[in-house]
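Q: Data: model07.tsv, TSV, C-alpha atoms.
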```tsv
chain	number	residue	atom	x	y	z
N	1	MET	CA	81.92	114.36	103.04
N	2	THR	CA	80.38	115.24	106.39
N	3	LEU	CA	77.97	112.94	108.18
N	4	LEU	CA	75.21	115.40	107.31
N	5	ASP	CA	76.04	114.99	103.60
N	6	GLU	CA	75.76	111.23	104.03
N	7	ILE	CA	72.43	111.57	105.85
N	8	LEU	CA	71.07	113.73	103.04
N	9	THR	CA	72.24	111.38	100.29
N	10	PRO	CA	69.16	109.99	98.51
N	11	SER	CA	68.02	106.63	99.92
N	12	ALA	CA	70.55	106.80	102.78
N	13	LEU	CA	67.85	106.71	105.45
N	14	THR	CA	65.92	103.64	106.47
N	15	THR	CA	62.40	103.84	107.87
N	16	LEU	CA	61.10	101.25	110.29
N	17	PHE	CA	57.57	101.07	111.66
N	18	GLN	CA	56.26	100.18	115.09
N	19	PRO	CA	52.56	99.49	115.50
N	20	ILE	CA	50.37	101.40	117.93
N	21	ILE	CA	47.85	98.96	119.35
N	22	LYS	CA	44.36	99.58	120.66
N	23	ILE	CA	43.36	97.36	123.57
N	24	GLY	CA	39.60	96.82	123.55
N	25	ALA	CA	37.38	96.63	126.63
N	26	ASP	CA	37.47	92.84	126.30
N	27	GLY	CA	41.26	92.80	125.92
N	28	THR	CA	41.34	92.27	122.16
N	29	ARG	CA	44.15	93.97	120.30
N	30	SER	CA	43.69	95.84	117.05
N	31	LEU	CA	45.97	97.92	114.89
N	32	HIS	CA	45.47	101.63	115.53
N	33	GLY	CA	48.38	102.91	113.43
N	34	TYR	CA	52.13	102.97	113.04
N	35	GLU	CA	54.91	105.25	114.17
N	36	ALA	CA	57.62	105.76	111.55
N	37	LEU	CA	61.14	105.55	113.01
N	38	THR	CA	64.15	106.69	111.02
N	39	ARG	CA	67.60	105.11	111.08
N	40	GLY	CA	70.65	106.85	109.64
N	41	PRO	CA	72.97	105.59	106.92
N	42	ARG	CA	74.24	102.05	107.48
N	43	GLY	CA	77.89	101.82	108.44
N	44	THR	CA	77.94	105.29	110.01
N	45	ASN	CA	77.68	106.32	113.65
N	46	ALA	CA	74.24	107.73	112.80
N	47	SER	CA	72.80	104.30	112.05
N	48	ARG	CA	71.66	104.56	115.67
N	49	ALA	CA	68.68	106.90	115.97
N	50	ASP	CA	69.87	108.56	119.19
N	51	VAL	CA	73.22	109.49	117.60
N	52	LEU	CA	71.50	110.59	114.38
N	53	PHE	CA	69.15	113.05	116.04
N	54	GLU	CA	71.60	114.30	118.66
N	55	TYR	CA	73.97	115.08	115.76
N	56	VAL	CA	71.24	116.73	113.71
N	57	ARG	CA	70.25	118.96	116.63
N	58	ARG	CA	73.87	119.97	117.20
N	59	LYS	CA	74.25	120.81	113.49
N	60	ARG	CA	71.00	122.76	113.75
N	61	ALA	CA	69.85	120.82	110.71
N	62	GLU	CA	66.51	119.66	112.12
N	63	SER	CA	64.44	121.20	109.34
N	64	VAL	CA	66.23	119.75	106.33
N	65	VAL	CA	66.60	116.33	107.98
N	66	ASP	CA	62.97	116.27	109.15
N	67	ARG	CA	61.91	116.93	105.57
N	68	VAL	CA	64.02	114.06	104.27
N	69	CYS	CA	62.86	111.74	107.07
N	70	ALA	CA	59.20	112.56	106.49
N	71	LEU	CA	59.44	112.00	102.75
N	72	ALA	CA	61.29	108.70	103.23
N	73	ALA	CA	58.75	107.57	105.84
N	74	LEU	CA	55.72	108.42	103.69
N	75	ARG	CA	57.15	106.59	100.70
N	76	ALA	CA	58.02	103.55	102.82
N	77	ALA	CA	54.63	103.63	104.56
N	78	SER	CA	52.84	103.35	101.25
N	79	LEU	CA	54.11	99.74	101.24
N	80	LEU	CA	52.39	98.86	104.52
N	81	PRO	CA	49.46	96.46	104.03
N	82	GLN	CA	47.20	98.67	106.12
N	83	CYS	CA	47.96	101.92	107.82
N	84	PRO	CA	44.93	103.55	109.45
N	85	GLN	CA	47.15	106.23	110.97
N	86	LEU	CA	50.80	107.15	110.44
N	87	SER	CA	52.82	109.06	113.03
N	88	LEU	CA	55.85	111.05	111.91
N	89	ASN	CA	58.41	112.61	114.25
N	90	VAL	CA	59.08	116.30	113.67
N	91	HIS	CA	61.21	118.66	115.75
N	92	ALA	CA	59.49	121.71	117.20
N	93	ALA	CA	62.39	123.70	115.71
N	94	THR	CA	61.34	122.55	112.23
N	95	LEU	CA	57.80	123.86	112.60
N	96	GLY	CA	59.25	126.98	114.18
N	97	HIS	CA	61.70	127.79	111.42
N	98	ASP	CA	60.50	126.07	108.24
N	99	PRO	CA	57.35	127.83	107.01
N	100	GLY	CA	56.90	125.49	104.03
N	101	PHE	CA	57.03	122.25	106.02
N	102	ALA	CA	53.30	121.80	106.64
N	103	GLU	CA	52.40	122.34	102.98
N	104	LEU	CA	55.11	119.95	101.77
N	105	LEU	CA	54.09	117.26	104.26
N	106	VAL	CA	50.43	117.34	103.27
N	107	GLU	CA	51.25	117.34	99.56
N	108	VAL	CA	53.61	114.36	99.80
N	109	ALA	CA	51.25	112.48	102.14
N	110	GLN	CA	48.48	112.77	99.56
N	111	SER	CA	50.78	111.71	96.73
N	112	CYS	CA	51.64	108.60	98.78
N	113	GLY	CA	47.96	107.72	99.22
N	114	PHE	CA	47.32	109.13	102.70
N	115	ARG	CA	44.54	111.51	103.64
N	116	PRO	CA	45.81	114.31	105.90
N	117	ASP	CA	43.59	113.05	108.74
N	118	GLN	CA	45.55	109.78	108.70
N	119	ILE	CA	48.76	111.65	109.48
N	120	VAL	CA	49.91	112.45	113.01
N	121	VAL	CA	52.84	114.79	113.51
N	122	GLU	CA	54.64	113.85	116.73
N	123	ILE	CA	56.41	116.89	118.12
N	124	VAL	CA	59.79	115.93	119.53
N	125	GLU	CA	61.89	118.51	121.24
N	126	GLN	CA	64.73	118.46	123.69
N	127	SER	CA	65.62	122.11	123.65
N	128	SER	CA	63.76	125.39	123.87
N	129	ARG	CA	65.59	126.75	120.83
N	130	TRP	CA	62.71	127.42	118.51
N	131	SER	CA	60.45	130.23	117.52
N	132	THR	CA	57.16	130.03	119.39
N	133	SER	CA	55.32	132.16	116.84
N	134	GLY	CA	56.62	130.10	113.93
N	135	PHE	CA	55.80	126.90	115.80
N	136	THR	CA	52.25	128.04	116.52
N	137	GLN	CA	51.80	129.02	112.86
N	138	GLY	CA	53.16	125.65	111.69
N	139	LEU	CA	50.81	123.79	114.04
N	140	ALA	CA	47.86	125.85	112.79
N	141	GLU	CA	48.69	125.04	109.15
N	142	LEU	CA	48.93	121.32	109.89
N	143	ARG	CA	45.64	121.36	111.79
N	144	ALA	CA	43.90	123.35	109.07
N	145	ALA	CA	44.88	120.64	106.62
N	146	GLY	CA	43.46	117.95	108.91
N	147	VAL	CA	46.75	116.61	110.30
N	148	ARG	CA	46.65	115.68	113.98
N	149	ILE	CA	49.27	116.70	116.50
N	150	ALA	CA	50.91	114.50	119.12
N	151	LEU	CA	53.25	115.50	121.90
N	152	ASP	CA	56.01	112.89	122.11
N	153	ASP	CA	57.95	111.72	125.17
N	154	LEU	CA	55.64	113.44	127.63
N	155	GLY	CA	57.43	113.88	130.93
N	156	PHE	CA	60.91	114.57	129.57
N	157	GLY	CA	62.79	117.73	128.63
N	158	HIS	CA	60.49	120.37	127.19
N	159	SER	CA	57.74	117.85	126.48
N	160	ASN	CA	55.83	118.78	129.59
N	161	LEU	CA	52.52	119.92	131.00
N	162	TYR	CA	53.20	123.44	129.73
N	163	MET	CA	53.32	122.11	126.14
N	164	MET	CA	50.17	120.08	126.79
N	165	ILE	CA	48.20	123.11	127.97
N	166	ALA	CA	49.69	125.70	125.61
N	167	PHE	CA	49.41	123.73	122.37
N	168	ARG	CA	46.51	121.34	123.13
N	169	PRO	CA	47.78	118.28	121.26
N	170	ASP	CA	45.28	115.74	119.95
N	171	ILE	CA	47.46	112.95	121.33
N	172	VAL	CA	50.09	112.70	124.07
N	173	LYS	CA	52.61	109.89	124.18
N	174	ILE	CA	53.85	109.02	127.64
N	175	ASP	CA	57.56	108.30	127.72
N	176	ARG	CA	58.66	104.73	128.34
N	177	TYR	CA	60.30	105.82	131.60
N	178	PHE	CA	56.86	106.03	133.20
N	179	VAL	CA	55.77	102.66	131.77
N	180	SER	CA	58.84	100.54	132.52
N	181	GLY	CA	58.14	98.70	135.77
N	182	ILE	CA	54.70	100.29	136.20
N	183	ALA	CA	53.15	97.03	137.40
N	184	ASN	CA	54.92	97.29	140.76
N	185	ASP	CA	55.22	101.05	141.09
N	186	PRO	CA	52.26	103.04	142.48
N	187	ALA	CA	54.03	106.32	141.58
N	188	ARG	CA	54.17	105.44	137.89
N	189	GLN	CA	50.57	104.25	138.00
N	190	ALA	CA	49.59	107.59	139.52
N	191	VAL	CA	51.41	109.49	136.76
N	192	LEU	CA	49.54	107.60	134.05
N	193	ARG	CA	46.19	108.04	135.80
N	194	SER	CA	46.86	111.79	136.17
N	195	VAL	CA	47.84	112.23	132.53
N	196	GLN	CA	44.80	110.22	131.41
N	197	LEU	CA	42.56	112.44	133.57
N	198	LEU	CA	44.08	115.66	132.21
N	199	ALA	CA	43.95	114.35	128.64
N	200	SER	CA	40.25	113.48	128.95
N	201	ALA	CA	39.54	117.01	130.13
N	202	ILE	CA	41.09	118.55	127.02
N	203	ASP	CA	39.81	115.95	124.52
N	204	CYS	CA	43.21	114.39	124.00
N	205	THR	CA	44.14	110.73	123.49
N	206	VAL	CA	46.93	109.04	125.45
N	207	VAL	CA	49.42	106.51	124.08
N	208	ALA	CA	51.73	104.62	126.44
N	209	GLU	CA	55.15	103.94	124.93
N	210	GLY	CA	57.62	101.20	125.81
N	211	VAL	CA	55.17	98.46	126.85
N	212	GLU	CA	57.35	95.37	126.96
N	213	HIS	CA	55.71	92.94	129.38
N	214	ALA	CA	52.20	91.55	129.81
N	215	GLU	CA	52.04	92.84	133.39
N	216	GLU	CA	52.84	96.36	132.10
N	217	LEU	CA	49.99	96.07	129.61
N	218	ASP	CA	47.60	95.13	132.43
N	219	ALA	CA	48.84	97.95	134.67
N	220	VAL	CA	48.57	100.54	131.88
N	221	ARG	CA	45.06	99.33	131.03
N	222	ALA	CA	44.07	99.70	134.67
N	223	THR	CA	44.91	103.43	134.48
N	224	GLY	CA	42.40	103.88	131.66
N	225	VAL	CA	44.95	104.16	128.84
N	226	SER	CA	44.03	101.87	125.94
N	227	LEU	CA	46.53	102.82	123.21
N	228	MET	CA	49.97	101.25	123.58
N	229	GLN	CA	53.20	100.77	121.73
N	230	GLY	CA	56.19	98.62	122.54
N	231	PHE	CA	58.16	95.44	122.06
N	232	LEU	CA	55.36	93.40	123.64
N	233	PHE	CA	53.46	93.93	120.39
N	234	SER	CA	56.28	94.35	117.89
N	235	PRO	CA	59.77	95.79	117.56
N	236	PRO	CA	60.27	98.44	114.87
N	237	GLN	CA	60.33	96.60	111.54
N	238	SER	CA	60.38	97.35	107.85
N	239	ALA	CA	57.13	97.83	105.95
N	240	ALA	CA	57.88	94.60	104.10
N	241	ALA	CA	57.97	92.65	107.38
N	242	PHE	CA	54.45	93.85	108.25
N	243	ALA	CA	53.25	93.02	104.77
N	244	ASP	CA	54.27	89.43	105.47
N	245	LEU	CA	52.78	89.45	108.97
N	246	TYR	CA	49.45	91.07	108.25
N	247	PRO	CA	48.29	90.60	104.66
N	248	ALA	CA	46.01	93.40	103.49
N	249	ARG	CA	42.38	93.08	104.45
N	250	PRO	CA	39.59	95.57	104.07
N	251	SER	CA	38.64	95.71	107.76
N	252	ALA	CA	40.70	96.57	110.82
N	253	VAL	CA	43.52	94.17	111.45
N	254	SER	CA	43.01	92.06	114.55
N	255	LEU	CA	45.98	90.80	116.45
N	256	SER	CA	45.88	87.80	118.71
N	257	ALA	CA	44.87	88.68	122.26
V	258	MET	CA	85.50	93.51	126.97
V	259	ALA	CA	87.78	95.69	124.86
V	260	PRO	CA	88.29	99.25	126.14
V	261	ARG	CA	86.28	101.77	124.14
V	262	MET	CA	87.83	104.79	122.48
V	263	LEU	CA	86.25	107.77	120.75
V	264	LEU	CA	88.83	108.90	118.19
V	265	VAL	CA	88.29	112.30	116.58
V	266	ASP	CA	90.34	113.92	113.83
V	267	ASP	CA	88.97	115.95	110.95
V	268	GLN	CA	91.55	114.59	108.51
V	269	ALA	CA	90.60	111.21	107.05
V	270	PRO	CA	94.21	110.32	106.05
V	271	ILE	CA	95.18	110.61	109.72
V	272	LEU	CA	92.03	109.06	111.17
V	273	ALA	CA	91.93	105.88	109.09
V	274	PRO	CA	95.39	104.52	110.03
V	275	LEU	CA	94.83	105.42	113.68
V	276	VAL	CA	91.58	103.43	113.68
V	277	GLU	CA	93.42	100.49	112.13
V	278	TYR	CA	96.31	100.72	114.60
V	279	PHE	CA	94.26	101.03	117.78
V	280	THR	CA	91.90	98.28	116.67
V	281	SER	CA	94.92	96.02	116.07
V	282	ILE	CA	96.15	96.55	119.64
V	283	GLY	CA	92.83	95.70	121.21
V	284	TRP	CA	90.78	98.90	121.40
V	285	SER	CA	87.18	99.12	120.30
V	286	VAL	CA	87.34	102.31	118.25
V	287	CYS	CA	84.50	104.64	117.34
V	288	ALA	CA	85.77	107.26	114.89
V	289	SER	CA	84.49	110.66	113.88
V	290	GLN	CA	85.71	113.56	111.75
V	291	GLU	CA	83.31	116.18	113.11
V	292	TYR	CA	82.88	118.00	116.38
V	293	GLU	CA	79.09	117.72	116.37
V	294	GLU	CA	79.20	113.99	115.63
V	295	ALA	CA	81.76	113.41	118.38
V	296	ALA	CA	79.67	115.44	120.83
V	297	ALA	CA	76.59	113.41	119.90
V	298	LEU	CA	78.53	110.18	120.43
V	299	LEU	CA	79.71	111.34	123.86
V	300	GLU	CA	76.10	112.11	124.72
V	301	THR	CA	74.79	108.70	123.71
V	302	ASN	CA	77.63	106.23	124.37
V	303	THR	CA	80.09	105.23	127.04
V	304	PHE	CA	83.82	105.41	126.35
V	305	ASP	CA	86.97	104.81	128.34
V	306	LEU	CA	89.02	107.32	126.36
V	307	LEU	CA	88.59	110.35	124.15
V	308	LEU	CA	91.54	110.82	121.78
V	309	ALA	CA	90.99	113.97	119.77
V	310	ASP	CA	92.74	116.57	117.69
V	311	VAL	CA	92.44	120.03	119.20
V	312	ARG	CA	91.37	121.60	115.92
V	313	LEU	CA	88.52	119.91	114.08
V	314	GLY	CA	88.10	121.96	110.95
V	315	GLY	CA	88.12	125.47	112.32
V	316	ILE	CA	91.24	127.60	111.82
V	317	HIS	CA	90.80	129.53	115.04
V	318	SER	CA	88.55	127.18	116.97
V	319	HIS	CA	89.58	124.53	119.41
V	320	GLU	CA	86.74	122.02	119.27
V	321	GLY	CA	88.88	119.32	120.90
V	322	LEU	CA	89.06	121.50	124.00
V	323	GLU	CA	85.28	121.88	123.87
V	324	LEU	CA	84.90	118.09	123.82
V	325	LEU	CA	87.26	117.88	126.81
V	326	ALA	CA	85.24	120.53	128.63
V	327	ALA	CA	82.00	118.62	127.92
V	328	VAL	CA	83.48	115.38	129.28
V	329	ARG	CA	84.66	117.05	132.49
V	330	ALA	CA	81.48	119.12	132.92
V	331	ARG	CA	79.41	115.94	132.85
V	332	GLY	CA	81.82	114.14	135.14
V	333	LEU	CA	82.26	111.27	132.71
V	334	PRO	CA	84.77	108.78	134.11
V	335	MET	CA	87.06	108.70	131.08
V	336	ARG	CA	90.55	109.74	130.12
V	337	VAL	CA	91.07	112.50	127.57
V	338	VAL	CA	94.18	112.71	125.40
V	339	LEU	CA	94.46	115.61	122.96
V	340	MET	CA	96.75	116.05	119.95
V	341	THR	CA	97.76	119.28	118.32
V	342	GLY	CA	100.00	120.50	115.54
V	343	TYR	CA	99.76	124.06	116.84
V	344	GLY	CA	100.62	123.70	120.50
V	345	SER	CA	100.56	127.27	121.71
V	346	PRO	CA	101.15	127.94	125.42
V	347	LEU	CA	97.53	129.09	125.57
V	348	VAL	CA	96.25	125.74	124.30
V	349	GLN	CA	98.54	123.91	126.72
V	350	ALA	CA	97.32	125.99	129.64
V	351	GLU	CA	93.67	125.53	128.67
V	352	ALA	CA	94.06	121.77	128.20
V	353	LYS	CA	95.65	121.52	131.64
V	354	ARG	CA	93.02	123.74	133.25
V	355	LEU	CA	90.19	121.69	131.76
V	356	GLY	CA	91.74	118.45	132.98
V	357	ALA	CA	93.30	116.77	129.94
V	358	ASP	CA	95.27	113.66	130.82
V	359	ALA	CA	97.79	114.47	128.08
V	360	LEU	CA	98.40	116.95	125.28
V	361	LEU	CA	100.65	115.56	122.56
V	362	SER	CA	102.36	117.51	119.80
V	363	LYS	CA	101.89	116.25	116.25
V	364	PRO	CA	103.40	114.32	114.64
V	365	VAL	CA	103.01	111.76	117.40
V	366	PRO	CA	104.69	108.34	117.04
V	367	LEU	CA	102.13	105.55	117.28
V	368	SER	CA	104.00	104.01	120.20
V	369	THR	CA	103.71	107.30	122.13
V	370	LEU	CA	100.00	107.47	121.35
V	371	ALA	CA	99.49	103.90	122.53
V	372	VAL	CA	101.20	104.63	125.86
V	373	ALA	CA	99.22	107.84	126.36
V	374	ALA	CA	96.00	106.04	125.50
V	375	ALA	CA	96.71	103.25	127.96
V	376	GLY	CA	97.16	105.74	130.79
V	377	PRO	CA	99.35	105.67	133.85
V	378	MET	CA	100.87	102.25	134.35
V	379	THR	CA	100.36	100.46	137.59
V	380	VAL	CA	103.35	98.62	138.95
V	381	VAL	CA	102.28	95.42	140.59
V	382	ALA	CA	104.65	94.07	143.19
V	383	PRO	CA	105.81	90.52	142.45
```
Could you write out this file's structure as structure tokens?
A:
Amino acid sequence: MTLLDEILTPSALTTLFQPIIKIGADGTRSLHGYEALTRGPRGTNASRADVLFEYVRRKRAESVVDRVCALAALRAASLLPQCPQLSLNVHAATLGHDPGFAELLVEVAQSCGFRPDQIVVEIVEQSSRWSTSGFTQGLAELRAAGVRIALDDLGFGHSNLYMMIAFRPDIVKIDRYFVSGIANDPARQAVLRSVQLLASAIDCTVVAEGVEHAEELDAVRATGVSLMQGFLFSPPQSAAAFADLYPARPSAVSLSA
Amino acid sequence: MAPRMLLVDDQAPILAPLVEYFTSIGWSVCASQEYEEAAALLETNTFDLLLADVRLGGIHSHEGLELLAAVRARGLPMRVVLMTGYGSPLVQAEAKRLGADALLSKPVPLSTLAVAAAGPMTVVAP
């Protein structure tokens, strides 16, 4: 049995969730949504996400694995006490080469209790090996259904300003590299301010990833970015862990400031 | 900290006892049966040694040489020991050209593998 066979075995994948937090003008924190993060089969080298996806890209199996990951994530997310917005990672190659992906995603999202406008597809890509026409078509189908598009890891690999201008994402997520140590680094602060300025001009929302320290939160806020994700708020955890932390309530969940 | 080895052989009956042996003599062993998995592990981890079969599933392919080439192309500071049951002069020449530290012909006695894995011995003057 290859590692890919193990990955595709039913229930082999684990989905964890990391909250995306909105920092209000007065500094209050509220739950904006979750990003679903997949871990490979336990006891294999792919239990680490970086190994899992590097392997999947080398096997050119992005499409089939993205399908399995998305289905597992949607099912797991239905157990979250509240989930205003759910972000799912999808390779650009999947949208480029799998014409049925958008339809499947929307159908399964609805069967798991999510409206399409609650779903964000985060485009991850580290190579240019995908069909631009297929990708554009896939994006159009997702958008037509109401799904929003995020560009993940902005600043690295092919996740760059070209992608931001060419595909006009609804959301850009700034890679943790630009957030780590931002409090004492004017260059990183300038990058975030620039991205925030560009994003505002094209009606796009910015999320800062990898916020780990209170001083980073303050520095990110000072650049005008109010959506953040990182260990300062929560590590990736199972849906059950959040159910214990934040029992379901009808209104937005407030987190301690 | 135990030295870290990436051990790659597509045949489970060969891989499993090697994992057990090298673990017993103090290596931290990460094992793989596939070229793509091994390449992904090299991309995302740090190892002191790659010990790999030259052929990993393909009859005419030499994926072990490709792993060696990837290690050297990236300038990773690690030793590479390859094993082969089909040691043609071409494979030997290619392994040498790409910078393998050793190319061993199968079957390889465990003691020979252990010495090759440990690398050149340093003689310390008393």
Q: Within 9 Å of chain N, which residues of chain V show up when using all atoms listed in the file, listed as a PyMOL selection string?
A: chain V and resi 287-291+293-298+300-302
Q: Determine, for each residue of range 8-100 of chain N having at least one atom at most 12 Å from an atom of range 203-213 of chain N, the closest pair of atoms and their separation in Å to one decimal, counting all atoms listed in the file; order by chain and ascending number, as JSON lines.
A:
```
{"residue": "N:Gln18", "atom": "CA", "partner": "N:Glu209", "partner_atom": "CA", "distance": 10.6}
{"residue": "N:Pro19", "atom": "CA", "partner": "N:Glu209", "partner_atom": "CA", "distance": 10.7}
{"residue": "N:Ile20", "atom": "CA", "partner": "N:Val207", "partner_atom": "CA", "distance": 8.1}
{"residue": "N:Ile21", "atom": "CA", "partner": "N:Val207", "partner_atom": "CA", "distance": 9.0}
{"residue": "N:Lys22", "atom": "CA", "partner": "N:Val207", "partner_atom": "CA", "distance": 9.2}
{"residue": "N:Ile23", "atom": "CA", "partner": "N:Val207", "partner_atom": "CA", "distance": 11.0}
{"residue": "N:His32", "atom": "CA", "partner": "N:Val207", "partner_atom": "CA", "distance": 10.6}
{"residue": "N:Gly33", "atom": "CA", "partner": "N:Val207", "partner_atom": "CA", "distance": 11.3}
{"residue": "N:Tyr34", "atom": "CA", "partner": "N:Val207", "partner_atom": "CA", "distance": 11.9}
{"residue": "N:Glu35", "atom": "CA", "partner": "N:Glu209", "partner_atom": "CA", "distance": 10.8}
{"residue": "N:Ser87", "atom": "CA", "partner": "N:Val207", "partner_atom": "CA", "distance": 11.8}
```
Q: How about saving the chosen residues, C-alpha atoms kept, as a PDB file, in the frame of the given file?
A:
```pdb
ATOM      1  CA  GLN N  18      56.260 100.180 115.090  1.00  0.00           C
ATOM      2  CA  PRO N  19      52.560  99.490 115.500  1.00  0.00           C
ATOM      3  CA  ILE N  20      50.370 101.400 117.930  1.00  0.00           C
ATOM      4  CA  ILE N  21      47.850  98.960 119.350  1.00  0.00           C
ATOM      5  CA  LYS N  22      44.360  99.580 120.660  1.00  0.00           C
ATOM      6  CA  ILE N  23      43.360  97.360 123.570  1.00  0.00           C
ATOM      7  CA  HIS N  32      45.470 101.630 115.530  1.00  0.00           C
ATOM      8  CA  GLY N  33      48.380 102.910 113.430  1.00  0.00           C
ATOM      9  CA  TYR N  34      52.130 102.970 113.040  1.00  0.00           C
ATOM     10  CA  GLU N  35      54.910 105.250 114.170  1.00  0.00           C
ATOM     11  CA  SER N  87      52.820 109.060 113.030  1.00  0.00           C
TER      12      SER N  87
END
```
Q: How far is it from CA of Ala93 in chain N to CA of Gly134 in chain N, in Å with one decimal?
A: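 According to the coordinates, CA of Ala93 in chain N and CA of Gly134 in chain N are separated by 8.8 Å.
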Q: Give me the residues near range 362-366 of chain V as JSON, numbers by chain, where near means some atom within 8 Å (using all atoms listed in the file) and where sequence neighbours in that chain fewer than 5 positions away do not count.
A: {"V": [340, 341, 342, 343, 344]}
Q: May I have the residues within 8 Å of Ala359 in chain V as a ChimeraX atom specification, using all atoms listed in the file and disregarding those fewer than 4 positions away in the same chain?
A: /V:337-339,373
Q: Could you work out an axis-aligned box for range 288-297 of chain V, taking every atom the file lists and adding 3 Å on each side, and report centre and edge lengths in Å to one decimal, as JSON?
A:
```
{"center_x": 81.2, "center_y": 112.6, "center_z": 116.3, "size_x": 15.2, "size_y": 16.7, "size_z": 15.1}
```
Q: If you measure from CA of Gly321 in chain V to CA of Ala309 in chain V, what distance in Å do you get, rounded to one decimal?
A: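 Value for the CA of Gly321 in chain V-CA of Ala309 in chain V distance: 5.9 Å.
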Q: What's the 10 Å shell around Gly27 in chain N, counting only C-alpha atoms, without same-chain residues fewer than 2 positions away, as an mmCIF file with C-alpha atoms, keeping the file's coordinate frame?
A:
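File result_30.cif, as written:
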```
data_model
loop_
_atom_site.group_PDB
_atom_site.id
_atom_site.type_symbol
_atom_site.label_atom_id
_atom_site.label_comp_id
_atom_site.auth_asym_id
_atom_site.auth_seq_id
_atom_site.Cartn_x
_atom_site.Cartn_y
_atom_site.Cartn_z
ATOM 1 C CA LYS N 22 44.360 99.580 120.660
ATOM 2 C CA ILE N 23 43.360 97.360 123.570
ATOM 3 C CA GLY N 24 39.600 96.820 123.550
ATOM 4 C CA ALA N 25 37.380 96.630 126.630
ATOM 5 C CA ARG N 29 44.150 93.970 120.300
ATOM 6 C CA SER N 30 43.690 95.840 117.050
ATOM 7 C CA ASP N 218 47.600 95.130 132.430
ATOM 8 C CA ARG N 221 45.060 99.330 131.030
ATOM 9 C CA SER N 226 44.030 101.870 125.940
ATOM 10 C CA SER N 256 45.880 87.800 118.710
ATOM 11 C CA ALA N 257 44.870 88.680 122.260
#
```
Q: What is the distance, in Å and to one decimal place, between CA of Thr9 in chain N and CA of Ala70 in chain N?
A: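 Those two atoms sit 14.5 Å apart.
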Q: So which residues touch range 345-358 of chain V within 12 Å, counting all atoms listed in the file, skipping near sequence neighbours fewer than 2 positions away, as a PyMOL selection string?
A: chain V and resi 306-312+317-330+332-343+360-362+372-377
Q: Which residues come within 7 Å of Thr38 in chain N, counting all atoms listed in the file, excluding same-chain residues fewer than 4 positions away, as a PyMOL selection string?
A: chain N and resi 13-16+49+69
Q: Those same residues, written as a PDB file, in the frame of the given file with C-alpha atoms?
A:
```pdb
ATOM      1  CA  LEU N  13      67.850 106.710 105.450  1.00  0.00           C
ATOM      2  CA  THR N  14      65.920 103.640 106.470  1.00  0.00           C
ATOM      3  CA  THR N  15      62.400 103.840 107.870  1.00  0.00           C
ATOM      4  CA  LEU N  16      61.100 101.250 110.290  1.00  0.00           C
ATOM      5  CA  ALA N  49      68.680 106.900 115.970  1.00  0.00           C
ATOM      6  CA  CYS N  69      62.860 111.740 107.070  1.00  0.00           C
TER       7      CYS N  69
END
```
Q: Go through V:Asp305, V:Ala259, V:Gly314, V:Pro270 and flag the residue nearest Ile282 in chain V, using all atoms listed in the file for the distances.
A: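 Answer, going by the shortest atom-to-atom distance: V:Ala259.
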Q: Counting all atoms listed in the file, which residues have an atom no more than 12 Å from (94.6, 104.7, 115.4) in the file's coordinates? Please list them as JSON, numbers by chain.
A: {"V": [262, 263, 264, 265, 266, 269, 270, 271, 272, 273, 274, 275, 276, 277, 278, 279, 280, 281, 282, 283, 284, 285, 286, 287, 288, 289, 308, 309, 365, 366, 367, 368, 369, 370, 371, 374]}
